[in-house]
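S.K.: Provided below: run-v1.pdb, containing PDB, C-alpha atoms.
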ATOM      1  CA  MET A   1     138.143 -33.069 281.671
ATOM      2  CA  ASN A   2     135.055 -34.138 279.785
ATOM      3  CA  LEU A   3     133.023 -36.822 281.549
ATOM      4  CA  LYS A   4     129.437 -37.933 281.106
ATOM      5  CA  THR A   5     127.246 -39.876 283.515
ATOM      6  CA  GLU A   6     123.625 -40.938 283.315
ATOM      7  CA  ARG A   7     122.449 -37.458 284.334
ATOM      8  CA  LEU A   8     125.477 -35.189 284.304
ATOM      9  CA  LEU A   9     128.215 -33.683 282.177
ATOM     10  CA  ILE A  10     131.524 -32.582 283.715
ATOM     11  CA  ARG A  11     133.399 -30.282 281.333
ATOM     12  CA  LYS A  12     135.655 -27.221 281.134
ATOM     13  CA  PHE A  13     134.372 -23.799 282.119
ATOM     14  CA  GLU A  14     133.203 -21.320 279.485
ATOM     15  CA  LEU A  15     133.040 -17.535 279.961
ATOM     16  CA  MET A  16     129.249 -17.508 279.942
ATOM     17  CA  ASP A  17     129.202 -19.830 282.984
ATOM     18  CA  TRP A  18     130.035 -17.106 285.469
ATOM     19  CA  ARG A  19     126.424 -16.081 286.128
ATOM     20  CA  SER A  20     125.437 -19.645 287.036
ATOM     21  CA  VAL A  21     128.521 -19.890 289.243
ATOM     22  CA  HIS A  22     127.701 -16.591 290.933
ATOM     23  CA  GLU A  23     124.163 -17.795 291.671
ATOM     24  CA  TYR A  24     125.419 -20.418 294.120
ATOM     25  CA  THR A  25     128.806 -19.019 295.171
ATOM     26  CA  SER A  26     127.038 -15.860 296.375
ATOM     27  CA  ASN A  27     124.772 -18.054 298.513
ATOM     28  CA  GLN A  28     125.786 -18.213 302.170
ATOM     29  CA  ASP A  29     124.433 -21.748 302.562
ATOM     30  CA  ALA A  30     126.469 -23.041 299.623
ATOM     31  CA  MET A  31     129.698 -21.344 300.764
ATOM     32  CA  ARG A  32     129.309 -21.783 304.517
ATOM     33  CA  TYR A  33     132.266 -24.150 304.773
ATOM     34  CA  MET A  34     134.467 -22.567 302.100
ATOM     35  CA  PRO A  35     137.340 -20.509 303.587
ATOM     36  CA  GLU A  36     137.101 -17.922 300.787
ATOM     37  CA  GLY A  37     133.489 -17.133 301.673
ATOM     38  CA  VAL A  38     130.814 -15.879 299.260
ATOM     39  CA  PHE A  39     131.726 -14.539 295.804
ATOM     40  CA  THR A  40     130.975 -11.170 294.287
ATOM     41  CA  GLU A  41     130.193 -11.035 290.570
ATOM     42  CA  GLU A  42     133.800 -10.040 289.935
ATOM     43  CA  LEU A  43     135.119 -13.012 291.919
ATOM     44  CA  ALA A  44     132.787 -15.386 290.063
ATOM     45  CA  GLN A  45     134.070 -14.064 286.736
ATOM     46  CA  GLN A  46     137.667 -14.423 287.883
ATOM     47  CA  PHE A  47     136.970 -17.945 289.180
ATOM     48  CA  VAL A  48     135.645 -19.042 285.791
ATOM     49  CA  SER A  49     138.438 -17.292 283.885
ATOM     50  CA  ASN A  50     141.104 -18.978 286.021
ATOM     51  CA  ASN A  51     139.707 -22.437 285.266
ATOM     52  CA  MET A  52     139.294 -22.402 281.502
ATOM     53  CA  ASP A  53     142.696 -23.675 280.367
ATOM     54  CA  GLY A  54     144.619 -26.934 280.623
ATOM     55  CA  LYS A  55     145.684 -26.104 284.176
ATOM     56  CA  ALA A  56     142.096 -25.901 285.459
ATOM     57  CA  GLU A  57     141.412 -27.294 288.929
ATOM     58  CA  LYS A  58     137.645 -26.672 288.990
ATOM     59  CA  PHE A  59     135.152 -28.132 286.522
ATOM     60  CA  PRO A  60     131.464 -27.302 286.063
ATOM     61  CA  VAL A  61     128.827 -29.975 286.621
ATOM     62  CA  VAL A  62     125.943 -29.625 284.168
ATOM     63  CA  LEU A  63     122.613 -31.425 283.858
ATOM     64  CA  ALA A  64     123.093 -33.411 280.655
ATOM     65  CA  ASP A  65     119.517 -33.106 279.405
ATOM     66  CA  GLU A  66     118.978 -29.432 280.222
ATOM     67  CA  GLY A  67     122.433 -27.870 280.071
ATOM     68  CA  THR A  68     121.887 -26.261 283.493
ATOM     69  CA  LEU A  69     125.080 -25.647 285.473
ATOM     70  CA  ILE A  70     124.395 -26.902 289.019
ATOM     71  CA  GLY A  71     127.796 -26.767 290.716
ATOM     72  CA  HIS A  72     131.441 -27.616 290.266
ATOM     73  CA  ILE A  73     133.977 -30.311 291.077
ATOM     74  CA  VAL A  74     137.426 -29.508 292.453
ATOM     75  CA  PHE A  75     140.177 -31.870 291.264
ATOM     76  CA  HIS A  76     143.916 -31.217 291.379
ATOM     77  CA  LYS A  77     147.296 -32.602 292.404
ATOM     78  CA  TYR A  78     147.759 -32.932 296.136
ATOM     79  CA  PHE A  79     151.064 -34.734 296.650
ATOM     80  CA  GLY A  80     153.430 -35.842 293.896
ATOM     81  CA  GLU A  81     152.123 -37.156 290.605
ATOM     82  CA  HIS A  82     149.830 -39.909 291.870
ATOM     83  CA  THR A  83     147.782 -38.328 294.665
ATOM     84  CA  TYR A  84     144.993 -35.856 293.882
ATOM     85  CA  GLU A  85     142.408 -33.999 295.932
ATOM     86  CA  ILE A  86     138.707 -33.947 295.090
ATOM     87  CA  GLY A  87     135.983 -31.597 296.330
ATOM     88  CA  TRP A  88     132.608 -30.186 295.297
ATOM     89  CA  VAL A  89     130.287 -27.204 295.675
ATOM     90  CA  PHE A  90     126.679 -27.379 294.457
ATOM     91  CA  ASN A  91     123.812 -24.950 294.122
ATOM     92  CA  PRO A  92     121.501 -25.582 297.127
ATOM     93  CA  LYS A  93     118.568 -25.822 294.698
ATOM     94  CA  PHE A  94     120.050 -29.120 293.538
ATOM     95  CA  HIS A  95     121.001 -30.639 296.889
ATOM     96  CA  ASN A  96     119.713 -34.050 298.047
ATOM     97  CA  LYS A  97     119.416 -35.444 294.528
ATOM     98  CA  GLY A  98     122.602 -37.539 294.455
ATOM     99  CA  TYR A  99     124.382 -35.228 292.019
ATOM    100  CA  ALA A 100     127.523 -34.738 294.120
ATOM    101  CA  SER A 101     128.148 -38.459 294.567
ATOM    102  CA  GLU A 102     127.340 -39.175 290.902
ATOM    103  CA  ALA A 103     129.821 -36.544 289.727
ATOM    104  CA  ALA A 104     132.480 -37.568 292.238
ATOM    105  CA  LEU A 105     132.219 -41.245 291.268
ATOM    106  CA  ALA A 106     132.720 -40.317 287.619
ATOM    107  CA  VAL A 107     135.878 -38.399 288.523
ATOM    108  CA  LEU A 108     137.195 -41.295 290.641
ATOM    109  CA  LYS A 109     136.622 -43.722 287.773
ATOM    110  CA  HIS A 110     138.476 -41.411 285.373
ATOM    111  CA  ALA A 111     141.274 -40.833 287.876
ATOM    112  CA  PHE A 112     141.995 -44.470 288.632
ATOM    113  CA  GLU A 113     141.242 -46.077 285.280
ATOM    114  CA  LYS A 114     142.499 -43.401 282.860
ATOM    115  CA  MET A 115     145.017 -41.369 284.862
ATOM    116  CA  ASN A 116     146.325 -44.394 286.790
ATOM    117  CA  LEU A 117     146.351 -42.494 290.084
ATOM    118  CA  HIS A 118     147.247 -44.201 293.347
ATOM    119  CA  ARG A 119     145.297 -42.210 295.905
ATOM    120  CA  ILE A 120     142.620 -39.510 296.094
ATOM    121  CA  ILE A 121     141.900 -37.446 299.198
ATOM    122  CA  ALA A 122     139.102 -35.130 300.305
ATOM    123  CA  THR A 123     138.619 -32.860 303.310
ATOM    124  CA  CYS A 124     135.783 -31.020 305.013
ATOM    125  CA  GLN A 125     134.846 -29.481 308.339
ATOM    126  CA  PRO A 126     133.333 -31.888 310.903
ATOM    127  CA  GLU A 127     130.151 -29.801 310.892
ATOM    128  CA  ASN A 128     129.719 -30.348 307.144
ATOM    129  CA  THR A 129     127.831 -33.612 307.476
ATOM    130  CA  PRO A 130     126.430 -33.700 303.901
ATOM    131  CA  SER A 131     129.934 -33.433 302.450
ATOM    132  CA  TYR A 132     131.507 -36.236 304.443
ATOM    133  CA  ARG A 133     128.442 -38.388 303.813
ATOM    134  CA  VAL A 134     129.209 -38.037 300.102
ATOM    135  CA  MET A 135     132.829 -39.015 300.774
ATOM    136  CA  GLU A 136     131.673 -42.144 302.565
ATOM    137  CA  LYS A 137     129.099 -42.934 299.877
ATOM    138  CA  ILE A 138     131.766 -42.946 297.169
ATOM    139  CA  GLY A 139     133.942 -45.319 299.189
ATOM    140  CA  MET A 140     136.352 -42.971 300.956
ATOM    141  CA  ARG A 141     137.493 -43.655 304.513
ATOM    142  CA  ARG A 142     138.126 -41.144 307.257
ATOM    143  CA  GLU A 143     141.824 -41.203 308.095
ATOM    144  CA  GLY A 144     142.208 -38.194 310.327
ATOM    145  CA  HIS A 145     140.688 -35.345 312.302
ATOM    146  CA  PHE A 146     142.986 -32.332 312.266
ATOM    147  CA  LYS A 147     142.401 -29.810 315.024
ATOM    148  CA  LYS A 148     142.307 -26.075 314.274
ATOM    149  CA  CYS A 149     144.212 -26.358 310.996
ATOM    150  CA  ILE A 150     142.291 -23.933 308.724
ATOM    151  CA  PRO A 151     142.404 -20.185 309.468
ATOM    152  CA  HIS A 152     139.064 -18.445 308.997
ATOM    153  CA  GLY A 153     138.951 -14.849 310.178
ATOM    154  CA  ASP A 154     139.526 -14.893 313.923
ATOM    155  CA  GLU A 155     138.756 -18.619 314.138
ATOM    156  CA  TRP A 156     140.472 -21.890 313.380
ATOM    157  CA  TRP A 157     138.474 -24.674 311.734
ATOM    158  CA  ASP A 158     138.934 -28.380 312.316
ATOM    159  CA  GLU A 159     139.129 -30.672 309.302
ATOM    160  CA  TYR A 160     138.207 -34.271 308.520
ATOM    161  CA  TYR A 161     140.588 -36.060 306.157
ATOM    162  CA  TYR A 162     139.282 -38.821 303.868
ATOM    163  CA  SER A 163     140.949 -40.908 301.169
ATOM    164  CA  ILE A 164     140.487 -43.813 298.790
ATOM    165  CA  LEU A 165     143.238 -45.975 297.273
ATOM    166  CA  ARG A 166     143.291 -47.530 293.819
ATOM    167  CA  GLU A 167     142.851 -51.028 295.258
ATOM    168  CA  ASP A 168     139.832 -49.934 297.302
ATOM    169  CA  TRP A 169     138.302 -48.438 294.179
ATOM    170  CA  GLU A 170     138.809 -51.652 292.194
ATOM    171  CA  VAL A 171     136.924 -53.714 294.779
ATOM    172  CA  GLN A 172     134.199 -51.099 295.018
ATOM    173  CA  ASN A 173     133.867 -51.059 291.238
ATOM    174  CA  LEU A 174     133.517 -54.850 291.128
ATOM    175  CA  GLN A 175     130.816 -54.666 293.797
ATOM    176  CA  HIS A 176     129.010 -52.043 291.722
ATOM    177  CA  GLU A 177     129.095 -54.217 288.596
ATOM    178  CA  VAL A 178     127.825 -57.286 290.453
ATOM    179  CA  ASP A 179     125.042 -55.245 292.050
ATOM    180  CA  ALA A 180     124.055 -53.926 288.613
ATOM    181  CA  PHE A 181     123.874 -57.466 287.249
ATOM    182  CA  LYS A 182     121.806 -58.653 290.207
ATOM    183  CA  GLN A 183     119.391 -55.773 289.765
ATOM    184  CA  TRP A 184     118.989 -56.659 286.086
ATOM    185  CA  ALA A 185     118.616 -60.365 286.895
ATOM    186  CA  SER A 186     115.853 -59.661 289.400
ATOM    187  CA  GLY A 187     113.719 -58.378 286.535
ATOM    188  CA  VAL A 188     114.233 -61.398 284.273
ATOM    189  CA  THR A 189     111.043 -63.456 284.397
ATOM    190  CA  GLU A 190     111.984 -66.336 282.093
ATOM    191  CA  LYS A 191     115.380 -67.779 283.021
ATOM    192  CA  HIS A 192     116.161 -70.294 280.284
ATOM    193  CA  SER A 193     119.461 -72.175 280.139
ATOM    194  CA  ASP A 194     121.495 -69.270 278.757
ATOM    195  CA  TRP A 195     119.494 -66.284 280.042
ATOM    196  CA  GLU A 196     122.586 -64.604 281.477
ATOM    197  CA  THR A 197     124.013 -64.074 277.989
ATOM    198  CA  GLU A 198     121.334 -61.430 277.418
ATOM    199  CA  TYR A 199     122.975 -59.065 279.902
ATOM    200  CA  LEU A 200     124.468 -56.162 277.949
ATOM    201  CA  HIS A 201     127.305 -55.183 280.284
ATOM    202  CA  TRP A 202     129.464 -58.278 280.622
ATOM    203  CA  ASN A 203     132.483 -56.381 279.358
ATOM    204  CA  SER A 204     132.198 -54.007 282.322
ATOM    205  CA  ILE A 205     132.199 -57.032 284.625
ATOM    206  CA  TYR A 206     135.283 -58.468 282.907
ATOM    207  CA  LEU A 207     137.122 -55.163 283.260
ATOM    208  CA  ALA A 208     136.148 -54.926 286.926
ATOM    209  CA  VAL A 209     137.481 -58.430 287.629
ATOM    210  CA  ARG A 210     140.676 -57.601 285.741
ATOM    211  CA  GLY A 211     141.045 -54.458 287.827
ATOM    212  CA  VAL A 212     140.856 -56.421 291.067
ATOM    213  CA  ILE A 213     143.202 -59.168 289.893
ATOM    214  CA  GLY A 214     145.717 -56.767 288.378
ATOM    215  CA  ASN A 215     145.708 -53.916 290.894
ATOM    216  CA  THR A 216     145.148 -55.445 294.319
ATOM    217  CA  LEU A 217     147.118 -57.805 296.544
ATOM    218  CA  ILE A 218     145.643 -61.266 297.076
ATOM    219  CA  ASP A 219     146.722 -61.107 300.722
ATOM    220  CA  ASP A 220     144.427 -58.089 301.143
ATOM    221  CA  TRP A 221     141.340 -59.822 299.753
ATOM    222  CA  ASN A 222     138.586 -60.296 302.287
ATOM    223  CA  THR A 223     135.641 -62.679 302.152
ATOM    224  CA  ALA A 224     133.569 -60.153 300.200
ATOM    225  CA  VAL A 225     136.087 -60.080 297.321
ATOM    226  CA  TYR A 226     136.095 -63.867 297.029
ATOM    227  CA  GLU A 227     132.300 -63.939 297.159
ATOM    228  CA  LEU A 228     132.067 -61.422 294.310
ATOM    229  CA  ILE A 229     134.413 -63.359 292.035
ATOM    230  CA  LEU A 230     132.790 -66.703 292.835
ATOM    231  CA  TYR A 231     129.357 -65.236 292.173
ATOM    232  CA  ILE A 232     130.539 -64.192 288.709
ATOM    233  CA  LEU A 233     132.083 -67.611 288.051
ATOM    234  CA  ALA A 234     128.732 -69.215 288.888
ATOM    235  CA  ARG A 235     127.137 -67.398 285.957
ATOM    236  CA  ASP A 236     128.260 -70.307 283.729
ATOM    237  CA  ASN A 237     127.627 -69.115 280.160
ATOM    238  CA  GLU A 238     129.565 -65.851 280.296
ATOM    239  CA  VAL A 239     132.700 -66.530 282.313
ATOM    240  CA  GLU A 240     135.275 -67.751 279.790
ATOM    241  CA  ASN A 241     137.087 -64.409 279.865
ATOM    242  CA  VAL A 242     137.211 -64.457 283.656
ATOM    243  CA  LEU A 243     138.499 -68.043 283.688
ATOM    244  CA  GLN A 244     141.223 -67.129 281.210
ATOM    245  CA  MET A 245     142.275 -64.209 283.411
ATOM    246  CA  LEU A 246     142.555 -66.554 286.371
ATOM    247  CA  VAL A 247     144.562 -69.131 284.423
ATOM    248  CA  GLU A 248     146.970 -66.310 283.551
ATOM    249  CA  HIS A 249     147.173 -65.438 287.272
ATOM    250  CA  PRO A 250     147.568 -68.849 288.934
ATOM    251  CA  GLY A 251     148.182 -67.370 292.372
ATOM    252  CA  ALA A 252     144.769 -65.724 292.273
ATOM    253  CA  LEU A 253     143.136 -68.881 290.894
ATOM    254  CA  VAL A 254     144.580 -71.074 293.640
ATOM    255  CA  ALA A 255     143.460 -68.593 296.306
ATOM    256  CA  ILE A 256     139.940 -68.554 294.825
ATOM    257  CA  ALA A 257     139.935 -72.353 294.543
ATOM    258  CA  ASN A 258     140.601 -72.684 298.266
ATOM    259  CA  LYS A 259     137.531 -70.541 298.957
ATOM    260  CA  ALA A 260     135.456 -72.255 296.252
ATOM    261  CA  LEU A 261     135.647 -75.613 298.027
ATOM    262  CA  ALA A 262     133.076 -74.365 300.543
ATOM    263  CA  TYR A 263     131.127 -72.104 298.163
ATOM    264  CA  SER A 264     127.447 -72.979 297.950
ATOM    265  CA  ASP A 265     126.954 -72.740 294.173
ATOM    266  CA  SER A 266     128.271 -75.823 292.360
ATOM    267  CA  GLN A 267     128.458 -73.847 289.089
ATOM    268  CA  ALA A 268     131.354 -71.867 290.518
ATOM    269  CA  ARG A 269     133.028 -74.972 291.930
ATOM    270  CA  TRP A 270     133.158 -76.842 288.632
ATOM    271  CA  GLN A 271     134.328 -73.742 286.774
ATOM    272  CA  VAL A 272     137.219 -73.380 289.212
ATOM    273  CA  ALA A 273     138.069 -77.086 288.952
ATOM    274  CA  HIS A 274     138.128 -76.816 285.166
ATOM    275  CA  ALA A 275     140.367 -73.730 285.295
ATOM    276  CA  LEU A 276     142.825 -75.436 287.641
ATOM    277  CA  GLY A 277     143.381 -78.075 284.964
ATOM    278  CA  GLU A 278     144.454 -75.344 282.523
ATOM    279  CA  ILE A 279     147.376 -74.068 284.608
ATOM    280  CA  GLU A 280     150.729 -74.890 283.049
ATOM    281  CA  GLY A 281     153.216 -76.378 285.471
ATOM    282  CA  MET A 282     150.665 -76.861 288.244
ATOM    283  CA  ASP A 283     152.289 -77.356 291.634
ATOM    284  CA  GLU A 284     151.349 -79.816 294.357
ATOM    285  CA  GLU A 285     148.847 -77.408 295.917
ATOM    286  CA  GLY A 286     146.885 -77.278 292.665
ATOM    287  CA  ILE A 287     146.871 -81.078 292.376
ATOM    288  CA  ASN A 288     145.661 -81.368 295.963
ATOM    289  CA  LEU A 289     142.871 -78.879 295.295
ATOM    290  CA  LEU A 290     141.717 -80.850 292.261
ATOM    291  CA  SER A 291     141.745 -84.012 294.342
ATOM    292  CA  ARG A 292     139.463 -82.330 296.852
ATOM    293  CA  PHE A 293     137.123 -81.114 294.103
ATOM    294  CA  SER A 294     137.015 -84.701 292.805
ATOM    295  CA  GLU A 295     135.315 -85.622 296.097
ATOM    296  CA  ASP A 296     132.630 -82.925 295.791
ATOM    297  CA  ASN A 297     129.047 -83.900 296.662
ATOM    298  CA  VAL A 298     127.873 -82.801 293.186
ATOM    299  CA  GLU A 299     128.635 -85.299 290.429
ATOM    300  CA  TYR A 300     129.362 -82.712 287.726
ATOM    301  CA  VAL A 301     131.966 -81.010 289.904
ATOM    302  CA  ARG A 302     133.602 -84.378 290.556
ATOM    303  CA  ARG A 303     133.653 -85.189 286.850
ATOM    304  CA  ARG A 304     135.212 -81.864 285.859
ATOM    305  CA  ALA A 305     137.855 -82.245 288.558
ATOM    306  CA  LEU A 306     138.707 -85.790 287.442
ATOM    307  CA  VAL A 307     138.975 -84.674 283.813
ATOM    308  CA  ALA A 308     141.287 -81.860 284.917
ATOM    309  CA  LEU A 309     143.403 -84.303 286.923
ATOM    310  CA  ASP A 310     143.704 -86.670 283.955
ATOM    311  CA  ARG A 311     144.659 -83.778 281.703
ATOM    312  CA  ARG A 312     147.189 -82.623 284.244
ATOM    313  CA  ARG A 313     148.784 -86.066 284.464
ATOM    314  CA  GLY A 314     148.953 -86.258 280.673
ATOM    315  CA  LEU A 315     150.668 -82.882 280.432
ATOM    316  CA  ASN A 316     153.097 -83.841 283.184
ATOM    317  CA  ASN A 317     153.957 -87.053 281.313
ATOM    318  CA  ILE A 318     154.640 -85.058 278.148
ATOM    319  CA  ILE A 319     156.782 -82.586 280.080
ATOM    320  CA  ASN A 320     158.718 -85.438 281.707
ATOM    321  CA  GLY A 321     159.167 -87.240 278.365
ATOM    322  CA  GLU A 322     157.197 -90.295 279.420
TER     323      GLU A 322
END
Can you present the structure in this file as C-alpha cells?

M.R.:
Amino acid sequence: MNLKTERLLIRKFELMDWRSVHEYTSNQDAMRYMPEGVFTEELAQQFVSNNMDGKAEKFPVVLADEGTLIGHIVFHKYFGEHTYEIGWVFNPKFHNKGYASEAALAVLKHAFEKMNLHRIIATCQPENTPSYRVMEKIGMRREGHFKKCIPHGDEWWDEYYYSILREDWEVQNLQHEVDAFKQWASGVTEKHSDWETEYLHWNSIYLAVRGVIGNTLIDDWNTAVYELILYILARDNEVENVLQMLVEHPGALVAIANKALAYSDSQARWQVAHALGEIEGMDEEGINLLSRFSEDNVEYVRRRALVALDRRRGLNNIINGE
C-alpha cells in the first residue's frame, strides 16, 4: 500500500522504522486497548519485520512533509475476499489532530475504489471513545455490542462492532465532493455567468456521481442523495457529463426527475427536462414527467420541456415509420 493524503503518507514498513514504532507501542496510553499490551524493543522489531512484505497487514503512517512516523494503520482480510478489517494505533504525541480519520479515509477510498471491496469493519472496546468517534467520523455505523468476547489476562473485554458498505461510502464521497465545491464557491467574490467552470475538481464530482449511480440501489436513495445530485445539476455550465450518465441510466434519471419537479432551483429542473428528451424509447412515465415540466412556473423550464416533448414525438414518429 502506498497512499498519500494532504498531510500523510501510508506506505510499507522499513527496518529502520522499529524505533519510531517502539516509541508509541511501549506507551501504556497508546496500547491501553490493545490485547497484546505494550511492546518491548524486540517485539517492535519483530512487528516491523513481519509487515514488510506483500502479506503485510500493518502500514506506517508518516507525516508527508517531515517524514516522521506517527502511527500505523491495520488493514487485512476479515471474511472472504470482499470484507476487510481496518484499525489504527497512533503515537499519543499526535492525537487530536485528525490524523487517524485522514489516514482511515484514504484507506477506505483505496479499498472501495481500487480494490472493489464490499464491506469494511472495525472494532474497539466501548471505553475507547476516541477510536469509535473516528469510526463514526469516517462514516461507519455501529452494528453490534459483543459482551465479554476478548480475553485479556483474567478479564473479558466487550467490543463494539462497526462497518461501512460500498454503497454508504459512495454517498459519503459524493457529499464530500459537494461540500468541497460549496466551500470553494463561498470564497468566489465575482460570480459571472460561467464562474463555476473555474472549479478545478469537476472530475472528482463526476466520478462521485458515477459511483452513486453505478454502485447503489435507487430504492435505497434518501432525500439527501437526490438533493446532492440536483444541486450538482443546478451548476449549469459543468454538468454535461452528469446528464450523459443519467441518460445512460434512465431509471435513475426518471427517479431524479420525480424529485426535481419540486426542487427549488430552476437550473436543475430545466437540465432534467432536457435530459429526459434524450432518452431513447422513453416510456409513458417519462412523457408524463415532461408534460409536468412543461407547466413549470419558470418560462425557461417550460420551453426546455416543450422542446424535449417535440423531439420525443419526432423520434417516436421515425421509430413508428410515420

S.K.: I would like the residues chosen by the PyMOL selection byres ((chain A and resi 84-95) around 6) on the shown file; could you give them as a ChimeraX atom specification?

M.R.: /A:24,70-78,83,96-97,120-122

S.K.: Those selected residues, please, written with C-alpha atoms and delivered as a PDB file, in the frame of the given file.

M.R.:
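Final output, selection14.pdb:
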ATOM      1  CA  TYR A  24     125.419 -20.418 294.120  1.00  0.00           C
ATOM      2  CA  ILE A  70     124.395 -26.902 289.019  1.00  0.00           C
ATOM      3  CA  GLY A  71     127.796 -26.767 290.716  1.00  0.00           C
ATOM      4  CA  HIS A  72     131.441 -27.616 290.266  1.00  0.00           C
ATOM      5  CA  ILE A  73     133.977 -30.311 291.077  1.00  0.00           C
ATOM      6  CA  VAL A  74     137.426 -29.508 292.453  1.00  0.00           C
ATOM      7  CA  PHE A  75     140.177 -31.870 291.264  1.00  0.00           C
ATOM      8  CA  HIS A  76     143.916 -31.217 291.379  1.00  0.00           C
ATOM      9  CA  LYS A  77     147.296 -32.602 292.404  1.00  0.00           C
ATOM     10  CA  TYR A  78     147.759 -32.932 296.136  1.00  0.00           C
ATOM     11  CA  THR A  83     147.782 -38.328 294.665  1.00  0.00           C
ATOM     12  CA  ASN A  96     119.713 -34.050 298.047  1.00  0.00           C
ATOM     13  CA  LYS A  97     119.416 -35.444 294.528  1.00  0.00           C
ATOM     14  CA  ILE A 120     142.620 -39.510 296.094  1.00  0.00           C
ATOM     15  CA  ILE A 121     141.900 -37.446 299.198  1.00  0.00           C
ATOM     16  CA  ALA A 122     139.102 -35.130 300.305  1.00  0.00           C
TER      17      ALA A 122
END

S.K.: Taking the file as shown, what set of residues would the PyMOL selection byres ((chain A and resi 261) around 10) give back, as a list of chain:residue names?

M.R.: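 Expected selection for the PyMOL selection byres ((chain A and resi 261) around 10) here is A:Ile256, A:Ala257, A:Asn258, A:Lys259, A:Ala260, A:Ala262, A:Tyr263, A:Ser264, A:Asp265, A:Ser266, A:Ala268, A:Arg269, A:Trp270, A:Val272, A:Ala273, A:Leu289, A:Leu290, A:Arg292, A:Phe293, A:Asp296.
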
S.K.: Taking into account all atoms listed in the file, which residue in the set A:Glu177, A:Pro126, A:Gln172, A:Arg119 is nearest to Ile138 of chain A?

M.R.: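 Checking each candidate against Ile138 of chain A, we get A:Gln172 as the closest.
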
S.K.: Starting from the PyMOL selection byres ((chain A and resi 302-306) around 9), expand the selection into actual residues of this file and give them as number ranges by chain.

M.R.: A: 270-274, 276-277, 290-301, 307-311

S.K.: Considering only C-alpha atoms, state which residue in the set A:Leu228, A:Val178, A:Leu15, A:Val61 is at the smallest distance from Gln46 of chain A.

M.R.: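 The shortest atom-to-atom distance to Gln46 of chain A comes from A:Leu15.
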
S.K.: Rank nothing, just name the residue among A:Ala252, A:Val48, A:Ala103, A:Leu43 nearest to Glu6 of chain A, using only C-alpha atoms.

M.R.: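 The answer is A:Ala103, which sits nearest to Glu6 of chain A.
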
S.K.: So what do you get for atom CA of His176 of chain A versus atom CA of Val62 of chain A, distance-wise?

M.R.: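 Computed distance, atom CA of His176 of chain A to atom CA of Val62 of chain A, equals 23.9 Å.
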
S.K.: May I ask which of the residues A:Thr123, A:Asn173, A:Asn51, A:Asn237 is the closest one to Asp194 of chain A, counting only C-alpha atoms?

M.R.: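 Among the listed residues, the smallest separation from Asp194 of chain A belongs to A:Asn237.
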
S.K.: Smallest atom-to-atom distance to Arg166 of chain A: which of A:Gln125, A:Asn116, A:Thr189, A:Asn222, using all atoms listed in the file?

M.R.: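 Going through A:Gln125, A:Asn116, A:Thr189, A:Asn222 one by one, the smallest distance to Arg166 of chain A is for A:Asn116.
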
S.K.: Could you state the separation of atom CA of Ile205 of chain A and atom CA of Met282 of chain A in Å, given to one decimal place?

M.R.: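 Atom-to-atom, atom CA of Ile205 of chain A and atom CA of Met282 of chain A are spaced 27.3 Å apart.
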
S.K.: Closest to Tyr206 of chain A among A:Glu42, A:Glu285, A:Glu81, A:Glu240, using all atoms listed in the file?

M.R.: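 That would be A:Glu240, the residue with the smallest distance to Tyr206 of chain A.
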
S.K.: May I have the residues within 7 Å of Met52 of chain A as a PyMOL selection string, using only C-alpha atoms and disregarding those fewer than 3 positions away in the same chain?

M.R.: chain A and resi 12-14+48-49+56

S.K.: Write the residues you've just listed into a file as a tab-separated table (two decimals), keeping the file's coordinate frame, and include C-alpha atoms for each of them.

M.R.:
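Written output follows (result07.tsv):
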chain	number	residue	atom	x	y	z
A	12	LYS	CA	135.66	-27.22	281.13
A	13	PHE	CA	134.37	-23.80	282.12
A	14	GLU	CA	133.20	-21.32	279.48
A	48	VAL	CA	135.65	-19.04	285.79
A	49	SER	CA	138.44	-17.29	283.88
A	56	ALA	CA	142.10	-25.90	285.46

S.K.: What does the structure give for the distance between atom CA of Phe112 of chain A and atom CA of Asp53 of chain A, in Å to one decimal?

M.R.: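 Separation of atom CA of Phe112 of chain A and atom CA of Asp53 of chain A: 22.4 Å.
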
S.K.: Could you pull the residues within 7 Å of Lys148 of chain A, counting only C-alpha atoms, minus those fewer than 6 positions along the same chain, as a PyMOL selection string?

M.R.: chain A and resi 156-158

S.K.: Could you name the residues that touch Asn215 of chain A at 9 Å or less, counting only C-alpha atoms, but leaving out those on the same chain fewer than 5 positions away, as a ChimeraX atom specification?

M.R.: /A:166-167,170,210
